[in-house]
Amino acid sequence: MSGGGCSIVWFRRDLRVEDNPALAAGVRAGAVIAVFVWAPEEEGHYYPGRVSRWWLKQSLAHLDSSLKSLGTSLVTKRSTDSISSLLEVVKATGATQLFFNHLYDPISLVRDHRAKEILTAQGVSVRSFNADLLYEPWEVNDDEGRPFTTFSAFWEKCLSMPYDPEAPLLPPKRIISGDVSRCRSDNLVFEDESEKGSNALLARAWSPGWSNADKALTTFVNGPLLEYSQNRRKADSATTSFLSPHLHFGEVSVRKVFHFVRIKQVLWANEGNKAGEESVNLFLKSIGLREYSRYMSFNHPHSHERPLLGHLRYFPWVVDEGYFKAWRQGRTGYPLVDAGMRELWATGWLHDRIRVVVSSFFVKVLQLPWRWGMKYFWDTLLDADLESDALGWQYISGTLPDGREFDRIDNPQFVGYKCDPHGEYVRRWLPELARLPTEWIHHPWNAPESVLEAAGIELGSNYPLPIVEIDSAKVRLEQALSQMWQNEAAARAAIENGMEEGHGDSADSPIAFPQAMQMEMEHEPVRNNPVIVTVRRYEDQMVPSMTSSLFRAADDEENSVDIRNSVLESRAEVPTDVNVAENTRRDTLDQAVMQTARTNATPHFNFAVGRRNSEDSTAESSSSTRERDGGVVPIWSPSSTNYSDQYVGDDNGIGTSSSYLQRHPQSHQLMNWQRLSQTG
DNA sequence: GAAGGTTTATC
DNA sequence: ATAAACCTT
């Protein structure tokens, strides 16, 4: 019991009692006050979406009940300023210490650093820990001590670090509760009335909470992991880990995932099980991508709004809200894209493969600003995660050094036959195409009139013609790219001539989110029809909705059983049974009862990996932090200068010499979330 | 064993 | 789209 007073353990995206270093430190120090502050306004544009808030709500309830069984409970605060709320708790409880785990999104970096400064100034001793990564971003550097700029090099290094990621900590046996009698909890509201009906359905498919996360991990590692490599390319096979939302909220620690999976790896390696080994490597790689997303965010805090390669700032994006809407609604005329978008809409979930397909289409074919797509993912994904989304979209957009080439267009037709060779996925989500033979399922526009007729399809009427032809997209993309180079050259020239500041010019400001999008998100009409169909949609959106019959009829046995069990058993099953909302013809409706897919493979856009740091890895690799666990909130290292010669960018991209902080020396004090999340 | 064709993964 | 890995001859 150091210090006499009790300590605050500030929970954020580490909603677990196991392997939670901040909690462990609090318990070690004596009496604990567990606090969660809900201050979504701090996130600016990135106010969490409906399904994400639903998850959070469940997860907090789960955590609270775990804490209760250990001897304390969760103090909850509704706030617009986390730090003030923490100060209130300090005042009300006389706490003398604050413990929390690191986050790496730009808003948290700024806020947490301030929290540390302010609370320290108030005499509170603050310590923070790594609980989200195998290695802290500042631990992983190249031979010259500079951060990596490509994923493969980064990951290779992670896998060959001289020390392993720390072993997971056990949960505390019990917690001595601090005195919270004078510290009242606010009732946190995560959903409004109109959202409840839709949210209720999520519970059929998912079980948030750390112990469920644990079960999900065990189930995955002992089951689908083995075939992960084989199944990963199918749009809807069942070998996804389904861990991404759990990982996002820190319900399970990545280090635990890593160690678990490694054990299997060793086992399979000994058995000479090559497929198993490969599966492990691939799965770990997706964990690595999550890890890398934090790494990128830490090193380039603007990566959620600015391309990391500077010249992409000059790309003439097509600012067309009509295209954007068609994409969201799944009405682009490309079946694979449309199926994906409708699944996303209906379930909040998308297989990683399909995320790539729809986002690539968005950027390369429609040439819409990638941040719009990223924002939409943020709003709709159950596992929405800013860092992972930013990495994914930047990768797709070709704005990463090792991302896809700018001029590459994925053809949804060809990709479709690869990841959905029999068209099952498309038929599941696009009932209007259900009767189309496989031969044409991914390119109905080529189908003979008689075939279409027999399938009840009238292109342009009940299913759209391609919104943009691939060929013309190619042409337009070439033009856009040459335009981009011209723009860049012009800007460069202007800067050289001293005409422009090079900072704050228009290219710096990301294209604002469409007004309509914000409106829609806010006033989304919802209709709840308790039993039959719950339709959630944008005003004009005609997309499938989830029905309450989440399990297909064939699984009746399961149906009647305790749903929670069946869900656990069958792996979190994404919603099943989709009905087409109105406007669908009768015959199509018949086909509309489809079951869902379980997605496969860890969503790319959300994973992590890593390695560990041993206790005394305190020998900081880079200068960015002074002291590791125990210590200090991550700080950007201003001095760590121009490691990025290889990037083209000048001011904002990776390319920039050095970091964000250098350009904004006082950012961790002055920069606030409004500025960071500015869309311009 | 080399040349040449085919598959496959790409972060 | 490309390149590396893989397989064939």
# chains A, B, ... in the order shown; residues from 1 in each chain; ligands from 1

call {"tool": "closest_atom_pairs", "arguments": {"of": "chain A", "to": "chain B", "cutoff": "7 Å", "atoms": "only C-alpha atoms (C1' of nucleotides)", "output": "CSV"}}
result
residue,atom,partner,partner_atom,distance
A:Phe151,CA,B:DC11,C1',6.6
A:Tyr395,CA,B:DC11,C1',6.7
A:Gly403,CA,B:DC11,C1',6.3

call {"tool": "closest_atom_pairs", "arguments": {"of": "chain A", "to": "chain C", "cutoff": "9 Å", "atoms": "only C-alpha atoms (C1' of nucleotides)", "output": "JSON lines"}}
result
{"residue": "A:Glu405", "atom": "CA", "partner": "C:DA1", "partner_atom": "C1'", "distance": 8.9}
{"residue": "A:Arg408", "atom": "CA", "partner": "C:DA1", "partner_atom": "C1'", "distance": 6.7}
{"residue": "A:Ile409", "atom": "CA", "partner": "C:DA1", "partner_atom": "C1'", "distance": 8.7}

call {"tool": "write_last_selection", "arguments": {"atoms": "N, CA, C and O atoms", "output": "PDB file, in the first residue's frame"}}
result
ATOM      1  N   GLU A 405      -0.646  -0.095 -55.424  1.00  0.00           N
ATOM      2  CA  GLU A 405      -0.275   0.971 -56.353  1.00  0.00           C
ATOM      3  C   GLU A 405      -1.512   1.842 -56.602  1.00  0.00           C
ATOM      4  O   GLU A 405      -2.629   1.359 -56.619  1.00  0.00           O
ATOM      5  N   ARG A 408      -3.763   0.830 -59.643  1.00  0.00           N
ATOM      6  CA  ARG A 408      -4.338  -0.498 -59.731  1.00  0.00           C
ATOM      7  C   ARG A 408      -5.818  -0.484 -59.383  1.00  0.00           C
ATOM      8  O   ARG A 408      -6.226   0.041 -58.365  1.00  0.00           O
ATOM      9  N   ILE A 409      -6.582  -1.062 -60.265  1.00  0.00           N
ATOM     10  CA  ILE A 409      -8.009  -1.180 -60.006  1.00  0.00           C
ATOM     11  C   ILE A 409      -8.361  -2.649 -59.846  1.00  0.00           C
ATOM     12  O   ILE A 409      -8.029  -3.469 -60.687  1.00  0.00           O
TER      13      ILE A 409
END

call {"tool": "select_by_dssp", "arguments": {"residues": "segment 19-230 of chain A", "states": "strand (DSSP E)", "output": "list in words"}}
result
Val32, Ile33, Ala34, Val35, Phe36, Val37, Trp38, Leu74, Val75, Thr76, Lys77, Arg78, Gln97, Leu98, Phe99, Phe100, Asn101, Ser125, Val126, Arg127, Ser128 and Phe129 of chain A

call {"tool": "residues_around", "arguments": {"residues": "Arg331 of chain A", "least_positions_apart": "2", "cutoff": "12 Å", "atoms": "only C-alpha atoms (C1' of nucleotides)", "output": "NGL selection string"}}
result
:A and (322-329 or 333-342 or 358 or 429-430 or 432 or 459-468 or 540-544)

call {"tool": "write_last_selection", "arguments": {"atoms": "C-alpha atoms", "output": "mmCIF file, in the first residue's frame"}}
result
data_model
loop_
_atom_site.group_PDB
_atom_site.id
_atom_site.type_symbol
_atom_site.label_atom_id
_atom_site.label_comp_id
_atom_site.auth_asym_id
_atom_site.auth_seq_id
_atom_site.Cartn_x
_atom_site.Cartn_y
_atom_site.Cartn_z
ATOM 1 C CA GLY A 322 -24.655 10.468 -55.363
ATOM 2 C CA TYR A 323 -21.896 7.925 -55.860
ATOM 3 C CA PHE A 324 -21.345 7.887 -52.169
ATOM 4 C CA LYS A 325 -24.949 7.143 -51.507
ATOM 5 C CA ALA A 326 -25.096 4.408 -54.092
ATOM 6 C CA TRP A 327 -22.099 2.789 -52.492
ATOM 7 C CA ARG A 328 -23.574 2.954 -49.020
ATOM 8 C CA GLN A 329 -26.830 1.513 -50.202
ATOM 9 C CA GLY A 333 -24.338 -2.449 -59.968
ATOM 10 C CA TYR A 334 -21.379 -4.621 -58.964
ATOM 11 C CA PRO A 335 -22.827 -7.552 -57.071
ATOM 12 C CA LEU A 336 -19.880 -8.278 -54.836
ATOM 13 C CA VAL A 337 -19.586 -4.676 -53.772
ATOM 14 C CA ASP A 338 -23.295 -4.344 -53.224
ATOM 15 C CA ALA A 339 -23.536 -7.559 -51.264
ATOM 16 C CA GLY A 340 -20.753 -6.370 -49.008
ATOM 17 C CA MET A 341 -22.299 -2.999 -48.410
ATOM 18 C CA ARG A 342 -25.607 -4.518 -47.561
ATOM 19 C CA VAL A 358 -15.658 -2.337 -51.191
ATOM 20 C CA TRP A 429 -27.221 -10.380 -49.569
ATOM 21 C CA LEU A 430 -28.749 -9.506 -52.905
ATOM 22 C CA GLU A 432 -32.880 -9.698 -56.255
ATOM 23 C CA LEU A 459 -31.206 -4.107 -64.990
ATOM 24 C CA GLY A 460 -31.641 -0.490 -64.257
ATOM 25 C CA SER A 461 -34.889 -1.268 -62.606
ATOM 26 C CA ASN A 462 -34.686 -3.789 -59.837
ATOM 27 C CA TYR A 463 -30.942 -4.025 -59.945
ATOM 28 C CA PRO A 464 -28.737 -1.212 -61.158
ATOM 29 C CA LEU A 465 -26.451 -1.198 -64.112
ATOM 30 C CA PRO A 466 -22.827 -0.542 -63.180
ATOM 31 C CA ILE A 467 -22.596 2.930 -61.825
ATOM 32 C CA VAL A 468 -19.235 3.337 -63.494
ATOM 33 C CA ASP A 540 -34.003 6.449 -48.952
ATOM 34 C CA GLN A 541 -32.198 3.299 -48.391
ATOM 35 C CA MET A 542 -33.511 0.002 -49.532
ATOM 36 C CA VAL A 543 -31.321 -2.557 -48.061
ATOM 37 C CA PRO A 544 -31.679 -5.794 -46.295
#

call {"tool": "atom_distance", "arguments": {"atom1": "atom CA of Leu386 of chain A", "atom2": "atom CA of Leu481 of chain A"}}
result
27.2 Å

call {"tool": "residues_around", "arguments": {"residues": "Tyr46 of chain A", "least_positions_apart": "3", "cutoff": "9 Å", "atoms": "only C-alpha atoms (C1' of nucleotides)", "output": "list in words"}}
result
Pro40, Glu41, Glu42, Glu43, Gly49, Lys375, Trp378, Asp379, Leu386 and Ser677 of chain A

call {"tool": "atom_distance", "arguments": {"atom1": "atom CA of Arg174 of chain A", "atom2": "atom CA of Phe220 of chain A"}}
result
29.0 Å

call {"tool": "atom_distance", "arguments": {"atom1": "atom CA of Leu391 of chain A", "atom2": "atom CA of Asp352 of chain A"}}
result
13.0 Å

call {"tool": "residues_around", "arguments": {"residues": "segment 414-428 of chain A", "least_positions_apart": "5", "cutoff": "7 Å", "atoms": "only C-alpha atoms (C1' of nucleotides)", "output": "JSON, numbers by chain"}}
result
{"A": [233, 234, 235, 236, 335, 336, 339, 433, 434, 438, 441, 442, 594, 595]}
